[in-house]
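Trainee: Here it is, the structure, as structure tokens.
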Amino acid sequence: PALASFSDVGRGELKCSTPVKNLIQETLVVGPATTIREVKKLLEDRPPMANVVIVDGKRPLGILMNYNLDRHLSTQFGLSLYSDRKVVKLMDRDPLVVEGDRPLEEVASLAMRRENRKIYDDILVTEGGAFFGTVSVQTMLDSMARVQVELAKGSNPLTGLAGNVAIEAEINRRSREGIPSSLIYVDLDNFKVYNDVYGFKSGDKAILLAAEVLRESVSHHGEPDDFIGHVGGDDFIIMCGQKQAEDICHLICQHFAASAPELYTAEDRARGFIVGRGRDGREGEFPLMSLSLGYLDCAFAHPFTMEELSGRVAEVKKYAKSRPGNSYVKDRRAPLGSVPSR
């Protein structure tokens with residue numbers, strides 16, 4: 001039977017799900033009592049899409065785009081009529097405002113549904129209702145275009161590693177050519193809590209560190225034909241020769257144990273844990289991030305289904321994650337595909 005999609009094994013899909021707050025830019029902020037004359041001076045020599053955001057304390061009241069200001073002041077009596085008025089007179093009182101954790105693709109969709117005259121105005125981003133920054137439509141479109149280019153290449157946009165389409169193709173190739181291989185499944189422990197406490201940008205750094213550790217370890221012990229894939233989220237897969245698998249796993253654990261503490265503050269490193277909420281919503285103490293590796297041999301002498309592979313991976317990964325710290329576990333059963341499936 002043909003192999004099914006590998007995407008069932010991991011969590012997460014490749015899409016423009018980056019939180020919009022990751023794209024915020026430097027923003028001019030003024031209070032509601034600021035005069036239009038003062039705003040004009042702030043925006044002088046800035047491009048038409050520059051703007052000021054009007055806030056009352058931390059609450060955003062509106063936005064005034066430079067092109068809109070020029071449109072009002074360039075009329076016959078514009079300067080004399082508006083210069084000494086408060087900025088609230090000309091600001092857009094109903095801008096698009098979103099919370100920072102909204103996915104980029106959702107925000108882009110909302111932005112494109114605005115009325116035509118406001119479709120390219122900046123989006124206001126808040127955190128808990130407090131003003132956090134702005135994001136331009138151009139920045140969003142550029143970011144989404146980059147993601148789509150990476151997806152077209154079959155790569156994960158963050159790490160540049162092969163994504164699910166390429167992973168499935170590689171498994172099929174090894175199956176078709178009957179190449180004995182080890183499949184190493186890599187999972188980042190305590191990542192969710194770290195991501196929640198330290199923020200998305202730090203979370204991205206943790207994922208990038210894990211990817212770099214995998215690259216270095218495979219490069220050191222592996223062969224040119226070895227394969228590294230990013231299933232999604234904090235899950236990775238390596239396909240390599242059976243003789244090198246344990247050495248690769250050992251080096252990955254060693255390197256990550258040495259590097260991961262640098263992702264934390266000195267205080268958290270000294271304590272050896274962070275305080276946060278788990279998947280059950282309960283607050284607790286969580287150890288520093290580590291990697292759990294589960295691996296199994298695949299003979300590829302006989303076809304097997306992705307369900308069989310998924311089942312084996314889930315079992316060995318569960319056992320690996322039950323062990324504290326950076327650890328790896330091998331499935332000691334007969335290699336998958338060494339005998340015909342029942």
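Following the order of the structure tokens, first chain is A, next is B, and so on, with residues numbered from 1 inside each chain and ligands from 1 in the order they appear.
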From a DSSP calculation on the backbone, collect every residue of segment 13-104 of chain A in helix (DSSP H, G or I) and output the set as a list in words.
Mentor: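 Across segment 13-104 of chain A, those assigned helix (DSSP H, G or I) are Val20, Lys21, Asn22, Leu23, Ile36, Arg37, Glu38, Val39, Lys40, Lys41, Leu42, Leu43, Asn66, Tyr67, Asn68, Leu69, Asp70, Arg71, His72, Leu73, Gly78, Leu79, Ser80, Leu81, Tyr82, Val87, Val88, Lys89 and Leu104 of chain A.
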Trainee: Please, could you write that set of residues out with N, CA and C atoms as a PDB file, in the first residue's frame?
Mentor:
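Result file result28.pdb:
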ATOM      1  N   VAL A  20       0.757  38.768  14.576  1.00  0.00           N
ATOM      2  CA  VAL A  20       0.972  40.041  13.895  1.00  0.00           C
ATOM      3  C   VAL A  20       1.904  40.954  14.685  1.00  0.00           C
ATOM      4  N   LYS A  21       1.982  40.776  16.007  1.00  0.00           N
ATOM      5  CA  LYS A  21       2.853  41.652  16.803  1.00  0.00           C
ATOM      6  C   LYS A  21       4.327  41.450  16.474  1.00  0.00           C
ATOM      7  N   ASN A  22       4.664  40.338  15.822  1.00  0.00           N
ATOM      8  CA  ASN A  22       6.054  40.112  15.413  1.00  0.00           C
ATOM      9  C   ASN A  22       6.494  41.071  14.315  1.00  0.00           C
ATOM     10  N   LEU A  23       5.531  41.765  13.695  1.00  0.00           N
ATOM     11  CA  LEU A  23       5.851  42.636  12.561  1.00  0.00           C
ATOM     12  C   LEU A  23       5.712  44.119  12.896  1.00  0.00           C
ATOM     13  N   ILE A  36      -2.544  70.025  15.397  1.00  0.00           N
ATOM     14  CA  ILE A  36      -2.238  69.566  14.041  1.00  0.00           C
ATOM     15  C   ILE A  36      -0.940  70.204  13.550  1.00  0.00           C
ATOM     16  N   ARG A  37      -0.659  71.419  13.995  1.00  0.00           N
ATOM     17  CA  ARG A  37       0.606  72.065  13.640  1.00  0.00           C
ATOM     18  C   ARG A  37       1.789  71.220  14.147  1.00  0.00           C
ATOM     19  N   GLU A  38       1.668  70.731  15.378  1.00  0.00           N
ATOM     20  CA  GLU A  38       2.734  69.897  15.957  1.00  0.00           C
ATOM     21  C   GLU A  38       2.870  68.566  15.215  1.00  0.00           C
ATOM     22  N   VAL A  39       1.745  68.002  14.847  1.00  0.00           N
ATOM     23  CA  VAL A  39       1.773  66.730  14.105  1.00  0.00           C
ATOM     24  C   VAL A  39       2.404  66.932  12.736  1.00  0.00           C
ATOM     25  N   LYS A  40       2.059  68.052  12.092  1.00  0.00           N
ATOM     26  CA  LYS A  40       2.634  68.355  10.779  1.00  0.00           C
ATOM     27  C   LYS A  40       4.155  68.426  10.869  1.00  0.00           C
ATOM     28  N   LYS A  41       4.656  69.022  11.939  1.00  0.00           N
ATOM     29  CA  LYS A  41       6.106  69.127  12.122  1.00  0.00           C
ATOM     30  C   LYS A  41       6.729  67.743  12.324  1.00  0.00           C
ATOM     31  N   LEU A  42       6.037  66.882  13.065  1.00  0.00           N
ATOM     32  CA  LEU A  42       6.545  65.524  13.303  1.00  0.00           C
ATOM     33  C   LEU A  42       6.632  64.715  12.008  1.00  0.00           C
ATOM     34  N   LEU A  43       5.654  64.935  11.126  1.00  0.00           N
ATOM     35  CA  LEU A  43       5.578  64.142   9.896  1.00  0.00           C
ATOM     36  C   LEU A  43       6.293  64.794   8.714  1.00  0.00           C
ATOM     37  N   ASN A  66      -0.216  60.418   7.062  1.00  0.00           N
ATOM     38  CA  ASN A  66       0.391  61.633   6.521  1.00  0.00           C
ATOM     39  C   ASN A  66      -0.308  62.102   5.249  1.00  0.00           C
ATOM     40  N   TYR A  67      -0.667  61.158   4.379  1.00  0.00           N
ATOM     41  CA  TYR A  67      -1.322  61.551   3.125  1.00  0.00           C
ATOM     42  C   TYR A  67      -2.672  62.204   3.404  1.00  0.00           C
ATOM     43  N   ASN A  68      -3.334  61.749   4.466  1.00  0.00           N
ATOM     44  CA  ASN A  68      -4.630  62.312   4.826  1.00  0.00           C
ATOM     45  C   ASN A  68      -4.463  63.711   5.399  1.00  0.00           C
ATOM     46  N   LEU A  69      -3.414  63.897   6.196  1.00  0.00           N
ATOM     47  CA  LEU A  69      -3.116  65.221   6.741  1.00  0.00           C
ATOM     48  C   LEU A  69      -2.822  66.201   5.610  1.00  0.00           C
ATOM     49  N   ASP A  70      -1.995  65.794   4.657  1.00  0.00           N
ATOM     50  CA  ASP A  70      -1.659  66.663   3.523  1.00  0.00           C
ATOM     51  C   ASP A  70      -2.897  67.010   2.707  1.00  0.00           C
ATOM     52  N   ARG A  71      -3.799  66.046   2.584  1.00  0.00           N
ATOM     53  CA  ARG A  71      -5.019  66.284   1.800  1.00  0.00           C
ATOM     54  C   ARG A  71      -5.852  67.403   2.425  1.00  0.00           C
ATOM     55  N   HIS A  72      -5.924  67.417   3.747  1.00  0.00           N
ATOM     56  CA  HIS A  72      -6.703  68.461   4.417  1.00  0.00           C
ATOM     57  C   HIS A  72      -5.986  69.815   4.408  1.00  0.00           C
ATOM     58  N   LEU A  73      -4.665  69.802   4.613  1.00  0.00           N
ATOM     59  CA  LEU A  73      -3.925  71.063   4.723  1.00  0.00           C
ATOM     60  C   LEU A  73      -3.649  71.719   3.376  1.00  0.00           C
ATOM     61  N   GLY A  78      -6.821  75.322   4.243  1.00  0.00           N
ATOM     62  CA  GLY A  78      -6.490  74.201   5.126  1.00  0.00           C
ATOM     63  C   GLY A  78      -5.591  74.562   6.282  1.00  0.00           C
ATOM     64  N   LEU A  79      -4.482  75.254   5.984  1.00  0.00           N
ATOM     65  CA  LEU A  79      -3.514  75.589   7.030  1.00  0.00           C
ATOM     66  C   LEU A  79      -4.127  76.460   8.115  1.00  0.00           C
ATOM     67  N   SER A  80      -4.811  77.505   7.696  1.00  0.00           N
ATOM     68  CA  SER A  80      -5.392  78.426   8.682  1.00  0.00           C
ATOM     69  C   SER A  80      -6.561  77.779   9.425  1.00  0.00           C
ATOM     70  N   LEU A  81      -7.249  76.877   8.749  1.00  0.00           N
ATOM     71  CA  LEU A  81      -8.426  76.252   9.352  1.00  0.00           C
ATOM     72  C   LEU A  81      -8.059  75.199  10.400  1.00  0.00           C
ATOM     73  N   TYR A  82      -6.998  74.430  10.117  1.00  0.00           N
ATOM     74  CA  TYR A  82      -6.713  73.264  10.962  1.00  0.00           C
ATOM     75  C   TYR A  82      -5.478  73.379  11.864  1.00  0.00           C
ATOM     76  N   VAL A  87      -5.457  67.293  17.166  1.00  0.00           N
ATOM     77  CA  VAL A  87      -5.282  66.221  16.188  1.00  0.00           C
ATOM     78  C   VAL A  87      -6.513  65.319  16.093  1.00  0.00           C
ATOM     79  N   VAL A  88      -7.292  65.256  17.174  1.00  0.00           N
ATOM     80  CA  VAL A  88      -8.483  64.401  17.147  1.00  0.00           C
ATOM     81  C   VAL A  88      -9.482  64.862  16.089  1.00  0.00           C
ATOM     82  N   LYS A  89      -9.361  66.118  15.656  1.00  0.00           N
ATOM     83  CA  LYS A  89     -10.267  66.658  14.644  1.00  0.00           C
ATOM     84  C   LYS A  89     -10.121  65.910  13.323  1.00  0.00           C
ATOM     85  N   LEU A 104      -1.237  36.453  11.348  1.00  0.00           N
ATOM     86  CA  LEU A 104      -1.009  37.388  10.253  1.00  0.00           C
ATOM     87  C   LEU A 104      -2.050  37.243   9.157  1.00  0.00           C
TER      88      LEU A 104
END
Trainee: Write out as a tab-separated table (two decimals) with C-alpha atoms, in the first residue's frame which residues come within 7 Å of Asp122 of chain A when counting only C-alpha atoms, dropping same-chain ones fewer than 5 positions away.
Mentor:
chain	number	residue	atom	x	y	z
A	134	THR	CA	1.49	49.48	14.19
A	135	VAL	CA	1.92	47.18	11.22
A	136	SER	CA	1.87	48.38	7.63
A	137	VAL	CA	-0.01	46.54	4.92
Trainee: Skip Leu64 of chain A itself and residues of its chain fewer than 5 positions away, then list as a list of chain:residue names all residues within 7 Å of it, counting only C-alpha atoms.
Mentor: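 Listing them by chain and then by number gives A:Asn51, A:Val52, A:Val53, A:Leu69, A:Leu90, A:Met91, A:Asp92.
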Trainee: Give me a file of those residues, with C-alpha atoms, as an mmCIF file, in the first residue's frame.
Mentor:
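So out_7.cif came out as:
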data_model
loop_
_atom_site.group_PDB
_atom_site.id
_atom_site.type_symbol
_atom_site.label_atom_id
_atom_site.label_comp_id
_atom_site.auth_asym_id
_atom_site.auth_seq_id
_atom_site.Cartn_x
_atom_site.Cartn_y
_atom_site.Cartn_z
ATOM 1 C CA ASN A 51 1.440 58.317 10.484
ATOM 2 C CA VAL A 52 0.887 59.238 14.103
ATOM 3 C CA VAL A 53 -1.198 57.216 16.531
ATOM 4 C CA LEU A 69 -3.116 65.221 6.741
ATOM 5 C CA LEU A 90 -8.642 64.918 11.665
ATOM 6 C CA MET A 91 -7.738 61.485 13.015
ATOM 7 C CA ASP A 92 -9.468 58.325 11.854
#
Trainee: Tell me which protein, DNA and RNA residues are within 7 Å of segment 178-187 of chain A, counting only C-alpha atoms, leaving out same-chain ones fewer than 2 positions away, and put them as a list in words.
Mentor: Arg174, Ser175, Arg176, Asp189, Asp234, Asp235, Phe236, Ile237, Ile238, Met239, Cys240, Gly241, Gln242, Ala245, Leu291, Ser292, Leu293, Gly294, Tyr295, Leu296, Asp297, Cys298, Ala299, Phe300 and Ala301 of chain A
Trainee: Go ahead and save the picked residues with N, CA and C atoms, as a CSV table (one decimal), in the first residue's frame.
Mentor:
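Output (part.csv):
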chain,number,residue,atom,x,y,z
A,174,ARG,N,12.8,6.5,-0.2
A,174,ARG,CA,13.6,5.5,0.5
A,174,ARG,C,12.8,4.1,0.5
A,175,SER,N,11.5,4.2,0.5
A,175,SER,CA,10.7,3.0,0.4
A,175,SER,C,10.8,2.4,-1.0
A,176,ARG,N,10.7,3.2,-2.0
A,176,ARG,CA,10.8,2.8,-3.3
A,176,ARG,C,12.1,2.1,-3.7
A,189,ASP,N,10.9,19.7,24.4
A,189,ASP,CA,10.1,19.6,25.7
A,189,ASP,C,10.0,21.0,26.3
A,234,ASP,N,7.3,22.5,17.0
A,234,ASP,CA,8.5,22.1,17.7
A,234,ASP,C,8.9,20.6,17.4
A,235,ASP,N,8.4,20.1,16.2
A,235,ASP,CA,8.7,18.7,15.9
A,235,ASP,C,9.5,18.6,14.6
A,236,PHE,N,10.5,17.7,14.7
A,236,PHE,CA,11.4,17.5,13.5
A,236,PHE,C,11.6,16.1,13.3
A,237,ILE,N,12.1,15.7,12.1
A,237,ILE,CA,12.4,14.3,11.7
A,237,ILE,C,13.8,14.3,11.0
A,238,ILE,N,14.5,13.2,11.3
A,238,ILE,CA,15.8,13.0,10.6
A,238,ILE,C,15.7,11.6,10.0
A,239,MET,N,16.2,11.4,8.8
A,239,MET,CA,16.3,10.1,8.2
A,239,MET,C,17.8,9.9,7.8
A,240,CYS,N,18.4,8.9,8.4
A,240,CYS,CA,19.8,8.7,8.2
A,240,CYS,C,20.1,7.2,8.2
A,241,GLY,N,21.4,6.8,8.0
A,241,GLY,CA,21.8,5.5,8.0
A,241,GLY,C,21.7,4.9,9.4
A,242,GLN,N,21.4,3.6,9.5
A,242,GLN,CA,21.1,2.9,10.8
A,242,GLN,C,22.4,2.9,11.7
A,245,ALA,N,22.8,6.5,13.5
A,245,ALA,CA,21.6,7.1,14.2
A,245,ALA,C,21.9,7.4,15.7
A,291,LEU,N,15.4,18.2,24.6
A,291,LEU,CA,15.0,17.5,23.4
A,291,LEU,C,14.7,16.1,23.8
A,292,SER,N,13.6,15.5,23.3
A,292,SER,CA,13.3,14.1,23.4
A,292,SER,C,13.4,13.5,22.0
A,293,LEU,N,14.2,12.5,21.8
A,293,LEU,CA,14.4,11.8,20.5
A,293,LEU,C,13.9,10.4,20.6
A,294,GLY,N,13.0,10.0,19.7
A,294,GLY,CA,12.7,8.6,19.6
A,294,GLY,C,13.0,8.1,18.2
A,295,TYR,N,13.7,7.0,18.1
A,295,TYR,CA,14.1,6.6,16.7
A,295,TYR,C,13.8,5.1,16.5
A,296,LEU,N,13.6,4.7,15.3
A,296,LEU,CA,13.3,3.4,14.9
A,296,LEU,C,13.9,3.1,13.6
A,297,ASP,N,14.3,1.8,13.4
A,297,ASP,CA,14.8,1.4,12.1
A,297,ASP,C,13.7,1.0,11.1
A,298,CYS,N,13.9,1.4,9.9
A,298,CYS,CA,13.0,1.0,8.8
A,298,CYS,C,13.8,0.2,7.7
A,299,ALA,N,13.4,-1.0,7.5
A,299,ALA,CA,14.1,-1.8,6.5
A,299,ALA,C,13.7,-1.4,5.1
A,300,PHE,N,12.5,-1.0,4.9
A,300,PHE,CA,11.9,-0.6,3.6
A,300,PHE,C,12.0,-1.8,2.6
A,301,ALA,N,12.0,-3.1,3.2
A,301,ALA,CA,12.0,-4.2,2.3
A,301,ALA,C,10.6,-4.6,1.9
Trainee: Based on the backbone DSSP call, show me all residues of segment 1-223 of chain A assigned strand (DSSP E), as a ChimeraX atom specification.
Mentor: /A:28-30,51-56,59-65,97-99,123-127,130-135,181-189
Trainee: Quote the spacing between atom CA of Gly233 of chain A and atom CA of Val313 of chain A in Å to one decimal place.
Mentor: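 Value for the atom CA of Gly233 of chain A-atom CA of Val313 of chain A distance: 16.7 Å.
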